[in-house]
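Following: one structure in structure tokens, then a few remarks.
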Amino acid sequence: MWALLIRDLRLAVRAGGGFGLGLAFFLLVAVLVPLGVGPEGDVLGRIAPGILWVGALLACLLSLDRIFALDFEDGSLDLLTTSPIPLEGVVAVKALAHWVVTGLPLTLAAPVLGVLLNLPVGGYGWLVLSLLLGTPALSVIGAFGAALVVGVKRGGLLLSLLVLPLYVPTLIFGAEVVSRGAAGQAASVPLLLLAGITLGAAALLPFAAAAAIRINLR
Amino acid sequence: MDLSVSGLAVARGGIAVLEGVRFRLMAGRALVLRGPNGIGKTTLLRTLAGLQPPLAGEMSMPAESLAYAAHADGLKAVLTVAENLAFWAAVNGTATAEAAMTAMNLQELRDRRAAHLSAGQKRRLGLARVLVTGRPIWVLDEPTVSLDAASVALFAGVVRAHLAAGGSALMATHIDLGLAEAEVLDLTPFKARAPVAGGRMGAFDEAFG
Amino acid sequence: MSIWEYANPKKFMQTSAWLLPWVTGLALACLVAGLIWGFFFTPDDFRQGSTVKIIYLHVPAAMMAINAWVMMLITSLIWLVRRHHVSALAAKAAAPVGLTFTVIALLTGAFWGQPMWGTWWAWDPRLTSFLILTLFYLGYIALWQAIEDPDTAADLTAVLCLVGSVFALLSRYAVLFWNQGLHQGASLSLDKEENVADVFWFPLLVCIAGFVLLFVALVLMRTRTEIRARRVQALLARERLA
């Protein structure tokens with residue numbers, strides 16, 4: 001499993017576009033929103049938590065279809081399925097690799113973009129914490145969606161349609177943590193709910209995703 | 001370490017292509033599957049590898065004993081030959097990547113990225129991947145496609161060594177492998193009869209008869 | 001005789017052919033009677049005036065929007081566990097019907113909300129939940145459309161329906177957490193205080209019965225169509241083989 005994680009990370013680095021594209025997209029969202037909304041600092045500060053979370057979510061979505069599609073096309077997925085590693089483990093490791101390549105950099109970059117969006121001082125800690133706890137759920141749920149459409153040619157748009165509704169609870173709790181934190185209110189309840197979603201998704205969805213892959217390989 | 005199959009029926013796209021397939025592959029033996037295009041060789045091999053369920057029949061083999069190699073080699077273009085093999089060796093928990101590279105004559109290419117290999121070289125790498133699984137029963141789909149005569153001979157030698165070590169090999173191919181000792185099974189007699197003649201369809205369509 | 005015998009396509013076609021005219025007729029009778037009773041023979045509400053009468057479309061449609069998803073969940077489970085093809089096809093058939101009910105609930109809600117709340121749309125928890133439900137229906141239908149092999153599509157959509165149900169429920173609570181909302185309480189709770197008055201209640205019951213029967217009739221019709229489509233495919237496949 002360790003070897004699979006290393007391989008996926010190595011592929012992401014060598015093939016390029018893994019780290020870079022998602023981050024660049026996130027930056028673009030943070031630049032375009034003020035251009036559309038107007039430069040008033042208090043308006044931006046109020047919508048910053050939501051914009052940052054939606055931006056992170058969409059940036060995450062960009063690279064989802066590559067989680068399994070490349071391995072499906074070159075036959076690796078067949079071979080991994082017949083290998084000694086359980087397919088559920090393969091799914092979990094690939095979701096983890098996706099998180100390291102997208103979720104983690106987005107989390108680290110978010111405070112910088114928070115400055116651009118005039119996020120109130122109290123919100124930065126909550127922003128990083130909520131993204132750190134919430135982006136793994138985005139990767140795992142995304143891996144499930146990617147597993148569903150792995151056999152579909154040009155499944156990118158379909159994948160968005162399937163995955164975005166599943167992202168609703170994560171987005172609501174994640175953005176709620178930041179906006180409550182930024183407003184100086186207690187944010188531990190949405191934070192715990194967010195952590196619950198991440199843990200639940202990480203524990204259960206690999207099984208559903210592995211089932212979907214087996215169905216697709218038949 | 002025997003692979004035995006009886007009364008096996010396999011389906012492609014919900015329609016039975018082969019039925020009543022039976023054979024037994026014992027340790028140290030090789031079996032070559034033949035038959036015209038579309039008869040269901042690939043489907044049969046995928047079923048044996050556990051990638052799709054059989055429509056009917058029995059398959060018996062020791063657990064985790066099958067090494068499957070398909071048309072697609074599962075190689076990553078941006079990884080080098082050595083990295084590709086080391087990955088599959090690690091996944092299978094073996095440490096035979098070096099030996100496999102030597103056996104398939106890949107040592108000179110070890111630091112070259114798979115993207116820069118010729119079709120035949122990729123195929124050799126794909127076969128080296130079968131070696132590093134360390135599993136006794138090889139199930140190979142058209143293993144010698146795009147190999148030159150020297151490489152086919154090399155491959156035949158590797159298969160012989162595997163058989164001598166107590167392994168076995170099941171191969172679907174049209175090309176002569178230079179393995180005189182391999183038995184040949186023609187799949188044509190097992191072609192699923194047309195349903196009007198009383199053969200079987202996919203389970204669903206049968207319900208609509 | 002076991003209930004599963006109806007899962008045989010032939011048996012299902014026979015039974016549903018017999019059942020369908022009755023269900024359709026009863027659905028039409030209930031809808032016509034309930035809507036006429038509701039629209040013309042009930043008094044105006046003392047606060048809401050005659051706008052309240054949209055309740056006869058809004059409430060039953062909203063109920064069936066959720067019930068249709070529940071029915072899809074159950075039939076998906078039956079398909080995954082017992083591999084009855086009729087069950088999978090019934091889930092496929094129910095999805096567009098459920099989607100239509102959801103859209104009807106949203107539209108009638110907007111028409112009701114405009115005079116009452118002064119706005120066509122508010123990000124109220126119930127409205128938001130229904131909007132999210134629409135997205136789930138769309139994704140489910142899109143997945144059916146995208147996958148060619150019918151059994152693969154049935155399996156994958158069933159898995160999506162299962163996982164989607166969990167996330168739909170989570171979304172419902174997340175949305176409640178997110179905004180408390182201005183939608184009125186349940187119109188049909190057993191609590192007498194909250195409940196609508198009997199004059200509105202009886203025609204509403206007739207309308208709900210009508211919508212349930214309409215749903216059953218539409219799903220039966222669509223399932224029969226799906227079964228026939230699969231039969232055509234099977235016959236074509238046979239011809240290719242023969």
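Naming scheme: A, B, ... for chains in displayed order of the structure tokens; residues 1 onward per chain; ligands 1 onward as shown.
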Within 10 Å of region 17-22 of chain B, counting only C-alpha atoms, which residues qualify if same-chain residues fewer than 4 places away don't, as a PDB file with N, CA and C atoms, in the first residue's frame?
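Just written: selection07.pdb:
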```pdb
ATOM      1  N   SER B   4      -8.387 -25.979 -12.173  1.00  0.00           N
ATOM      2  CA  SER B   4      -9.303 -26.827 -12.927  1.00  0.00           C
ATOM      3  C   SER B   4     -10.637 -26.132 -13.097  1.00  0.00           C
ATOM      4  N   VAL B   5     -11.232 -26.392 -14.238  1.00  0.00           N
ATOM      5  CA  VAL B   5     -12.423 -25.686 -14.667  1.00  0.00           C
ATOM      6  C   VAL B   5     -13.383 -26.717 -15.219  1.00  0.00           C
ATOM      7  N   SER B   6     -14.658 -26.632 -14.821  1.00  0.00           N
ATOM      8  CA  SER B   6     -15.615 -27.551 -15.440  1.00  0.00           C
ATOM      9  C   SER B   6     -16.958 -26.876 -15.636  1.00  0.00           C
ATOM     10  N   GLY B   7     -17.553 -27.146 -16.784  1.00  0.00           N
ATOM     11  CA  GLY B   7     -18.879 -26.614 -17.098  1.00  0.00           C
ATOM     12  C   GLY B   7     -18.942 -25.105 -17.102  1.00  0.00           C
ATOM     13  N   LEU B   8     -17.798 -24.443 -17.351  1.00  0.00           N
ATOM     14  CA  LEU B   8     -17.739 -22.997 -17.203  1.00  0.00           C
ATOM     15  C   LEU B   8     -18.412 -22.307 -18.391  1.00  0.00           C
ATOM     16  N   ALA B   9     -19.293 -21.348 -18.075  1.00  0.00           N
ATOM     17  CA  ALA B   9     -19.889 -20.506 -19.116  1.00  0.00           C
ATOM     18  C   ALA B   9     -19.542 -19.066 -18.804  1.00  0.00           C
ATOM     19  N   VAL B  10     -19.105 -18.340 -19.803  1.00  0.00           N
ATOM     20  CA  VAL B  10     -18.748 -16.938 -19.576  1.00  0.00           C
ATOM     21  C   VAL B  10     -19.526 -16.054 -20.543  1.00  0.00           C
ATOM     22  N   ALA B  11     -19.780 -14.810 -20.099  1.00  0.00           N
ATOM     23  CA  ALA B  11     -20.597 -13.889 -20.879  1.00  0.00           C
ATOM     24  C   ALA B  11     -19.831 -12.607 -21.144  1.00  0.00           C
ATOM     25  N   ARG B  12     -20.071 -12.057 -22.324  1.00  0.00           N
ATOM     26  CA  ARG B  12     -19.522 -10.744 -22.641  1.00  0.00           C
ATOM     27  C   ARG B  12     -20.710  -9.839 -22.967  1.00  0.00           C
ATOM     28  N   GLY B  13     -20.802  -8.722 -22.231  1.00  0.00           N
ATOM     29  CA  GLY B  13     -21.919  -7.804 -22.455  1.00  0.00           C
ATOM     30  C   GLY B  13     -23.263  -8.465 -22.225  1.00  0.00           C
ATOM     31  N   GLY B  38     -13.043 -13.255 -31.241  1.00  0.00           N
ATOM     32  CA  GLY B  38     -14.401 -13.088 -30.746  1.00  0.00           C
ATOM     33  C   GLY B  38     -14.975 -14.341 -30.118  1.00  0.00           C
ATOM     34  N   ILE B  39     -14.182 -15.414 -30.066  1.00  0.00           N
ATOM     35  CA  ILE B  39     -14.714 -16.648 -29.475  1.00  0.00           C
ATOM     36  C   ILE B  39     -14.861 -16.494 -27.966  1.00  0.00           C
ATOM     37  N   GLY B  40     -14.070 -15.585 -27.366  1.00  0.00           N
ATOM     38  CA  GLY B  40     -14.210 -15.356 -25.921  1.00  0.00           C
ATOM     39  C   GLY B  40     -12.970 -15.729 -25.131  1.00  0.00           C
ATOM     40  N   LYS B  41     -11.795 -15.707 -25.771  1.00  0.00           N
ATOM     41  CA  LYS B  41     -10.559 -16.059 -25.049  1.00  0.00           C
ATOM     42  C   LYS B  41     -10.290 -15.061 -23.920  1.00  0.00           C
ATOM     43  N   THR B  43     -12.384 -12.987 -22.525  1.00  0.00           N
ATOM     44  CA  THR B  43     -13.436 -13.073 -21.516  1.00  0.00           C
ATOM     45  C   THR B  43     -13.179 -14.238 -20.567  1.00  0.00           C
ATOM     46  N   LEU B  44     -12.762 -15.382 -21.139  1.00  0.00           N
ATOM     47  CA  LEU B  44     -12.477 -16.551 -20.314  1.00  0.00           C
ATOM     48  C   LEU B  44     -11.336 -16.256 -19.338  1.00  0.00           C
ATOM     49  N   PRO B  54     -18.395 -15.813 -13.468  1.00  0.00           N
ATOM     50  CA  PRO B  54     -18.817 -16.744 -14.513  1.00  0.00           C
ATOM     51  C   PRO B  54     -20.337 -16.824 -14.549  1.00  0.00           C
ATOM     52  N   LEU B  55     -20.865 -17.182 -15.711  1.00  0.00           N
ATOM     53  CA  LEU B  55     -22.314 -17.330 -15.845  1.00  0.00           C
ATOM     54  C   LEU B  55     -22.748 -18.629 -15.164  1.00  0.00           C
ATOM     55  N   ALA B  56     -21.914 -19.646 -15.290  1.00  0.00           N
ATOM     56  CA  ALA B  56     -22.204 -20.940 -14.680  1.00  0.00           C
ATOM     57  C   ALA B  56     -20.905 -21.725 -14.599  1.00  0.00           C
ATOM     58  N   GLY B  57     -20.926 -22.799 -13.841  1.00  0.00           N
ATOM     59  CA  GLY B  57     -19.773 -23.691 -13.819  1.00  0.00           C
ATOM     60  C   GLY B  57     -18.866 -23.487 -12.623  1.00  0.00           C
ATOM     61  N   GLU B  58     -17.832 -24.343 -12.587  1.00  0.00           N
ATOM     62  CA  GLU B  58     -16.925 -24.365 -11.435  1.00  0.00           C
ATOM     63  C   GLU B  58     -15.522 -23.979 -11.881  1.00  0.00           C
ATOM     64  N   MET B  59     -14.840 -23.193 -11.028  1.00  0.00           N
ATOM     65  CA  MET B  59     -13.421 -22.959 -11.239  1.00  0.00           C
ATOM     66  C   MET B  59     -12.770 -23.266  -9.900  1.00  0.00           C
ATOM     67  N   LEU B 185      -5.628 -26.218 -26.486  1.00  0.00           N
ATOM     68  CA  LEU B 185      -7.067 -26.415 -26.324  1.00  0.00           C
ATOM     69  C   LEU B 185      -7.768 -25.483 -27.303  1.00  0.00           C
ATOM     70  N   LEU B 187     -10.973 -23.654 -28.490  1.00  0.00           N
ATOM     71  CA  LEU B 187     -12.215 -23.267 -27.816  1.00  0.00           C
ATOM     72  C   LEU B 187     -13.432 -23.355 -28.726  1.00  0.00           C
ATOM     73  N   THR B 188     -13.212 -23.576 -30.031  1.00  0.00           N
ATOM     74  CA  THR B 188     -14.342 -23.544 -30.964  1.00  0.00           C
ATOM     75  C   THR B 188     -15.500 -24.454 -30.545  1.00  0.00           C
ATOM     76  N   PRO B 189     -15.232 -25.692 -30.077  1.00  0.00           N
ATOM     77  CA  PRO B 189     -16.372 -26.554 -29.709  1.00  0.00           C
ATOM     78  C   PRO B 189     -17.187 -26.023 -28.531  1.00  0.00           C
ATOM     79  N   PHE B 190     -16.608 -25.100 -27.753  1.00  0.00           N
ATOM     80  CA  PHE B 190     -17.324 -24.601 -26.565  1.00  0.00           C
ATOM     81  C   PHE B 190     -18.131 -23.345 -26.849  1.00  0.00           C
ATOM     82  N   LYS B 191     -18.133 -22.915 -28.116  1.00  0.00           N
ATOM     83  CA  LYS B 191     -18.877 -21.701 -28.456  1.00  0.00           C
ATOM     84  C   LYS B 191     -20.330 -21.858 -28.006  1.00  0.00           C
ATOM     85  N   ALA B 192     -20.833 -20.833 -27.344  1.00  0.00           N
ATOM     86  CA  ALA B 192     -22.196 -20.908 -26.834  1.00  0.00           C
ATOM     87  C   ALA B 192     -23.156 -21.071 -27.999  1.00  0.00           C
ATOM     88  N   ARG B 193     -24.056 -22.051 -27.886  1.00  0.00           N
ATOM     89  CA  ARG B 193     -25.003 -22.269 -28.963  1.00  0.00           C
ATOM     90  C   ARG B 193     -25.966 -21.085 -29.048  1.00  0.00           C
ATOM     91  N   ALA B 194     -26.446 -20.832 -30.246  1.00  0.00           N
ATOM     92  CA  ALA B 194     -27.426 -19.762 -30.407  1.00  0.00           C
ATOM     93  C   ALA B 194     -28.619 -20.099 -29.527  1.00  0.00           C
ATOM     94  N   GLY B 199     -29.402 -23.020 -26.185  1.00  0.00           N
ATOM     95  CA  GLY B 199     -28.265 -22.625 -25.360  1.00  0.00           C
ATOM     96  C   GLY B 199     -28.690 -21.610 -24.327  1.00  0.00           C
ATOM     97  N   ARG B 200     -27.699 -21.008 -23.659  1.00  0.00           N
ATOM     98  CA  ARG B 200     -28.113 -20.072 -22.621  1.00  0.00           C
ATOM     99  C   ARG B 200     -27.766 -18.642 -22.996  1.00  0.00           C
ATOM    100  N   MET B 201     -28.649 -17.737 -22.576  1.00  0.00           N
ATOM    101  CA  MET B 201     -28.397 -16.306 -22.749  1.00  0.00           C
ATOM    102  C   MET B 201     -27.966 -15.773 -21.395  1.00  0.00           C
ATOM    103  N   GLY B 202     -27.743 -14.496 -21.335  1.00  0.00           N
ATOM    104  CA  GLY B 202     -27.543 -13.869 -20.033  1.00  0.00           C
ATOM    105  C   GLY B 202     -28.790 -14.103 -19.211  1.00  0.00           C
TER     106      GLY B 202
ATOM    107  N   LEU C 241     -26.833 -13.360 -32.871  1.00  0.00           N
ATOM    108  CA  LEU C 241     -26.171 -14.626 -32.566  1.00  0.00           C
ATOM    109  C   LEU C 241     -26.606 -15.732 -33.522  1.00  0.00           C
TER     110      LEU C 241
END
```
Which of region 4-155 of chain B end up as strand (DSSP E) when DSSP is run on this backbone - answer as a PyMOL selection string? chain B and resi 4-12+15-25+30-34+56-60+66-69+137-141
Selection to disk with N, CA and C atoms, as a short mmCIF file (atom, residue, chain, number, x, y, z; two decimals), in the first residue's frame:
```cif
data_model
loop_
_atom_site.label_atom_id
_atom_site.label_comp_id
_atom_site.auth_asym_id
_atom_site.auth_seq_id
_atom_site.Cartn_x
_atom_site.Cartn_y
_atom_site.Cartn_z
N SER B 4 -8.39 -25.98 -12.17
CA SER B 4 -9.30 -26.83 -12.93
C SER B 4 -10.64 -26.13 -13.10
N VAL B 5 -11.23 -26.39 -14.24
CA VAL B 5 -12.42 -25.69 -14.67
C VAL B 5 -13.38 -26.72 -15.22
N SER B 6 -14.66 -26.63 -14.82
CA SER B 6 -15.62 -27.55 -15.44
C SER B 6 -16.96 -26.88 -15.64
N GLY B 7 -17.55 -27.15 -16.78
CA GLY B 7 -18.88 -26.61 -17.10
C GLY B 7 -18.94 -25.11 -17.10
N LEU B 8 -17.80 -24.44 -17.35
CA LEU B 8 -17.74 -23.00 -17.20
C LEU B 8 -18.41 -22.31 -18.39
N ALA B 9 -19.29 -21.35 -18.08
CA ALA B 9 -19.89 -20.51 -19.12
C ALA B 9 -19.54 -19.07 -18.80
N VAL B 10 -19.10 -18.34 -19.80
CA VAL B 10 -18.75 -16.94 -19.58
C VAL B 10 -19.53 -16.05 -20.54
N ALA B 11 -19.78 -14.81 -20.10
CA ALA B 11 -20.60 -13.89 -20.88
C ALA B 11 -19.83 -12.61 -21.14
N ARG B 12 -20.07 -12.06 -22.32
CA ARG B 12 -19.52 -10.74 -22.64
C ARG B 12 -20.71 -9.84 -22.97
N ILE B 15 -24.16 -11.49 -22.81
CA ILE B 15 -24.51 -12.58 -23.73
C ILE B 15 -23.45 -13.66 -23.61
N ALA B 16 -23.90 -14.90 -23.43
CA ALA B 16 -22.94 -16.00 -23.26
C ALA B 16 -22.13 -16.18 -24.53
N VAL B 17 -20.81 -16.32 -24.38
CA VAL B 17 -19.99 -16.57 -25.55
C VAL B 17 -19.41 -17.99 -25.53
N LEU B 18 -19.07 -18.47 -24.34
CA LEU B 18 -18.54 -19.83 -24.22
C LEU B 18 -19.36 -20.56 -23.18
N GLU B 19 -19.55 -21.87 -23.37
CA GLU B 19 -20.22 -22.64 -22.33
C GLU B 19 -19.66 -24.06 -22.28
N GLY B 20 -19.76 -24.66 -21.11
CA GLY B 20 -19.29 -26.03 -20.95
C GLY B 20 -17.78 -26.18 -21.05
N VAL B 21 -17.05 -25.12 -20.81
CA VAL B 21 -15.59 -25.21 -20.92
C VAL B 21 -15.06 -26.06 -19.77
N ARG B 22 -14.21 -27.06 -20.11
CA ARG B 22 -13.57 -27.81 -19.04
C ARG B 22 -12.14 -28.14 -19.41
N PHE B 23 -11.26 -27.92 -18.48
CA PHE B 23 -9.87 -28.35 -18.65
C PHE B 23 -9.23 -28.37 -17.28
N ARG B 24 -8.02 -28.96 -17.24
CA ARG B 24 -7.29 -29.02 -15.98
C ARG B 24 -5.84 -28.70 -16.29
N LEU B 25 -5.30 -27.75 -15.56
CA LEU B 25 -3.92 -27.33 -15.80
C LEU B 25 -3.13 -27.71 -14.56
N ALA B 30 1.91 -26.35 -19.44
CA ALA B 30 1.44 -25.14 -20.11
C ALA B 30 0.28 -25.51 -21.02
N LEU B 31 -0.69 -24.61 -21.12
CA LEU B 31 -1.86 -24.86 -21.96
C LEU B 31 -2.08 -23.62 -22.83
N VAL B 32 -2.20 -23.85 -24.13
CA VAL B 32 -2.43 -22.74 -25.05
C VAL B 32 -3.88 -22.78 -25.52
N LEU B 33 -4.59 -21.67 -25.35
CA LEU B 33 -5.97 -21.58 -25.82
C LEU B 33 -5.98 -21.01 -27.22
N ARG B 34 -6.71 -21.68 -28.10
CA ARG B 34 -6.82 -21.15 -29.46
C ARG B 34 -8.29 -21.01 -29.83
N ALA B 56 -21.91 -19.65 -15.29
CA ALA B 56 -22.20 -20.94 -14.68
C ALA B 56 -20.90 -21.72 -14.60
N GLY B 57 -20.93 -22.80 -13.84
CA GLY B 57 -19.77 -23.69 -13.82
C GLY B 57 -18.87 -23.49 -12.62
N GLU B 58 -17.83 -24.34 -12.59
CA GLU B 58 -16.92 -24.36 -11.43
C GLU B 58 -15.52 -23.98 -11.88
N MET B 59 -14.84 -23.19 -11.03
CA MET B 59 -13.42 -22.96 -11.24
C MET B 59 -12.77 -23.27 -9.90
N SER B 60 -11.67 -24.01 -9.90
CA SER B 60 -10.99 -24.18 -8.63
C SER B 60 -9.50 -23.96 -8.81
N LEU B 66 -2.95 -16.70 -9.00
CA LEU B 66 -3.01 -16.37 -10.41
C LEU B 66 -2.29 -15.06 -10.70
N ALA B 67 -1.44 -15.07 -11.73
CA ALA B 67 -0.86 -13.82 -12.22
C ALA B 67 -1.46 -13.55 -13.58
N TYR B 68 -2.18 -12.45 -13.70
CA TYR B 68 -2.91 -12.15 -14.93
C TYR B 68 -2.20 -11.06 -15.71
N ALA B 69 -2.07 -11.24 -17.00
CA ALA B 69 -1.51 -10.18 -17.84
C ALA B 69 -2.40 -10.02 -19.07
N ILE B 137 0.53 -19.64 -11.06
CA ILE B 137 -0.26 -19.89 -12.27
C ILE B 137 -0.30 -18.61 -13.11
N TRP B 138 0.30 -18.67 -14.28
CA TRP B 138 0.30 -17.50 -15.16
C TRP B 138 -0.88 -17.58 -16.11
N VAL B 139 -1.63 -16.49 -16.22
CA VAL B 139 -2.74 -16.42 -17.16
C VAL B 139 -2.44 -15.26 -18.09
N LEU B 140 -2.02 -15.57 -19.32
CA LEU B 140 -1.49 -14.53 -20.19
C LEU B 140 -2.35 -14.40 -21.45
N ASP B 141 -2.71 -13.16 -21.76
CA ASP B 141 -3.55 -12.89 -22.92
C ASP B 141 -2.65 -12.35 -24.03
#
```
If you count only C-alpha atoms, which residues fall within 9 Å of region 7-15 of chain A, apart from same-chain ones fewer than 5 positions away, as a ChimeraX atom specification? /A:2,93-94,97-98,100-101 /B:76,78-79,83-84,87
Distance filter 7 Å, only C-alpha atoms, chain C against chain B, as a ChimeraX atom specification: /C:8-10,85,149,231,234,238,241-242
Using only C-alpha atoms: which of B:Ala70, B:Leu48, B:Ala103, B:Ala149 has the shortest distance to Leu79 (chain A): B:Ala70
Within 10 Å of Ala195 (chain A), counting only C-alpha atoms, which residues qualify if same-chain residues fewer than 6 places away don't, as a PyMOL selection string? chain A and resi 130+132-134+136-137+170+173-174+189+201
Expected answer as number ranges by chain: chain B residues within 6 Å of chain A, only C-alpha atoms: B: 51-52, 72, 74
Within 9 Å of chain C: residues of chain A, using only C-alpha atoms, as a ChimeraX atom specification: /A:145,148-149,151-153,155,158-170,172-173,176,190,197,205,208-209,211-212,215-216,218
Just the selected residues (N, CA and C atoms), exported as a CSV table (one decimal), in the first residue's frame, please.
```
chain,number,residue,atom,x,y,z
A,145,GLY,N,-17.1,9.0,-6.4
A,145,GLY,CA,-17.7,9.5,-7.6
A,145,GLY,C,-16.8,9.0,-8.8
A,148,LEU,N,-17.5,5.5,-9.7
A,148,LEU,CA,-18.7,5.2,-10.4
A,148,LEU,C,-18.6,5.5,-11.9
A,149,VAL,N,-17.8,6.5,-12.3
A,149,VAL,CA,-17.8,6.9,-13.7
A,149,VAL,C,-16.5,6.4,-14.4
A,151,GLY,N,-15.7,3.8,-16.0
A,151,GLY,CA,-15.9,3.2,-17.3
A,151,GLY,C,-16.5,4.1,-18.4
A,152,VAL,N,-16.9,5.4,-18.0
A,152,VAL,CA,-17.6,6.3,-18.9
A,152,VAL,C,-16.5,7.2,-19.6
A,153,LYS,N,-16.6,7.2,-20.9
A,153,LYS,CA,-15.7,8.1,-21.6
A,153,LYS,C,-16.1,9.5,-21.4
A,155,GLY,N,-16.1,11.3,-18.7
A,155,GLY,CA,-17.0,11.3,-17.6
A,155,GLY,C,-16.9,12.5,-16.7
A,158,LEU,N,-20.2,14.5,-15.9
A,158,LEU,CA,-21.0,13.6,-15.2
A,158,LEU,C,-20.5,13.5,-13.7
A,159,LEU,N,-19.2,13.4,-13.6
A,159,LEU,CA,-18.6,13.2,-12.3
A,159,LEU,C,-19.0,14.5,-11.4
A,160,SER,N,-18.9,15.7,-12.0
A,160,SER,CA,-19.3,16.9,-11.2
A,160,SER,C,-20.7,16.8,-10.8
A,161,LEU,N,-21.6,16.3,-11.7
A,161,LEU,CA,-23.0,16.3,-11.4
A,161,LEU,C,-23.3,15.3,-10.2
A,162,LEU,N,-22.5,14.2,-10.2
A,162,LEU,CA,-22.7,13.2,-9.2
A,162,LEU,C,-22.1,13.6,-7.8
A,163,VAL,N,-20.9,14.3,-7.9
A,163,VAL,CA,-20.1,14.5,-6.7
A,163,VAL,C,-20.6,15.8,-6.0
A,164,LEU,N,-21.0,16.8,-6.7
A,164,LEU,CA,-21.3,18.1,-6.1
A,164,LEU,C,-22.4,18.0,-5.0
A,165,PRO,N,-23.5,17.3,-5.3
A,165,PRO,CA,-24.6,17.1,-4.3
A,165,PRO,C,-24.0,16.4,-3.0
A,166,LEU,N,-23.1,15.5,-3.3
A,166,LEU,CA,-22.5,14.8,-2.1
A,166,LEU,C,-21.6,15.7,-1.3
A,167,TYR,N,-21.2,16.8,-1.9
A,167,TYR,CA,-20.3,17.7,-1.1
A,167,TYR,C,-21.1,18.7,-0.2
A,168,VAL,N,-22.4,18.7,-0.4
A,168,VAL,CA,-23.2,19.7,0.3
A,168,VAL,C,-22.9,19.8,1.8
A,169,PRO,N,-23.0,18.6,2.6
A,169,PRO,CA,-22.8,18.7,4.0
A,169,PRO,C,-21.4,19.2,4.4
A,170,THR,N,-20.4,18.7,3.7
A,170,THR,CA,-19.1,19.1,4.0
A,170,THR,C,-18.9,20.6,3.8
A,172,ILE,N,-21.2,22.9,3.9
A,172,ILE,CA,-22.0,23.7,4.8
A,172,ILE,C,-21.3,23.8,6.2
A,173,PHE,N,-20.8,22.6,6.7
A,173,PHE,CA,-20.2,22.6,8.0
A,173,PHE,C,-18.8,23.3,7.9
A,176,GLU,N,-19.3,27.0,7.6
A,176,GLU,CA,-19.9,27.5,8.9
A,176,GLU,C,-18.8,27.7,10.0
A,190,PRO,N,-19.9,22.9,14.5
A,190,PRO,CA,-19.7,22.5,13.1
A,190,PRO,C,-18.4,21.9,12.9
A,197,ILE,N,-18.1,13.8,9.5
A,197,ILE,CA,-18.3,13.5,8.1
A,197,ILE,C,-17.1,12.9,7.5
A,205,LEU,N,-16.9,4.9,2.6
A,205,LEU,CA,-17.0,5.1,1.2
A,205,LEU,C,-16.0,4.2,0.4
A,208,ALA,N,-17.8,1.2,-0.8
A,208,ALA,CA,-18.8,1.5,-1.9
A,208,ALA,C,-18.0,1.8,-3.2
A,209,ALA,N,-16.9,2.5,-3.1
A,209,ALA,CA,-16.1,2.8,-4.3
A,209,ALA,C,-15.5,1.5,-4.8
A,211,ALA,N,-16.7,-1.5,-4.6
A,211,ALA,CA,-17.8,-2.2,-5.2
A,211,ALA,C,-18.0,-1.6,-6.6
A,212,ALA,N,-18.0,-0.3,-6.7
A,212,ALA,CA,-18.3,0.3,-8.0
A,212,ALA,C,-17.2,0.0,-9.0
A,215,ILE,N,-17.7,-3.5,-10.3
A,215,ILE,CA,-18.8,-3.6,-11.3
A,215,ILE,C,-18.3,-3.0,-12.6
A,216,ASN,N,-17.6,-2.0,-12.6
A,216,ASN,CA,-17.1,-1.4,-13.8
A,216,ASN,C,-16.1,-2.2,-14.6
A,218,ARG,N,-16.1,-5.5,-14.8
A,218,ARG,CA,-16.7,-6.7,-15.3
A,218,ARG,C,-16.8,-6.8,-16.8
```
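Within the 10 Å cut-off around Tyr56 (chain C), using only C-alpha atoms and omitting residues fewer than 3 positions from it on the same chain, the listed residues are C:Leu31, C:Gly34, C:Leu35, C:Ile36, C:Trp37, C:Gly38, C:Phe39, C:Val52, C:Lys53, C:Val59, C:Pro60, C:Ala61, C:Thr108, C:Phe200, C:Trp201, C:Pro203, C:Leu204, C:Leu205, C:Val206, C:Cys207, C:Ile208.
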Would you kindly return, as a ChimeraX atom specification, each protein, DNA or RNA residue with an atom no farther than 8 Å from any atom of Leu99 (chain C), considering only C-alpha atoms and excluding same-chain residues fewer than 2 positions away? /C:65,95-97,101-103,134,137-138
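Near Thr94 (chain B), within a cut-off of 7 Å and counting only C-alpha atoms, sit the residues B:Ala89, B:Val132, B:Thr133, B:Gly134, with same-chain residues fewer than 5 positions away left out.
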Filtering to C-alpha atoms, could you give me those residues as a CSV table (one decimal), in the first residue's frame?
```csv
chain,number,residue,atom,x,y,z
B,89,ALA,CA,7.2,-6.2,-6.8
B,132,VAL,CA,7.6,-10.3,-10.1
B,133,THR,CA,4.2,-11.3,-8.9
B,134,GLY,CA,5.8,-14.5,-7.7
```
Distance of CA of Ala203 (chain A) from CA of Trp88 (chain B), expressed in Å to one decimal place: 26.2 Å
What are the DSSP helix (DSSP H, G or I) residues of region 15-178 of chain A, as an MDAnalysis selection string? chainID A and resid 15 18:37 41:62 66:73 76:81 87:116 123:148 156:166 168:178
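Note that CA of Val86 (chain C) and CA of Arg222 (chain C) are 11.3 Å apart.
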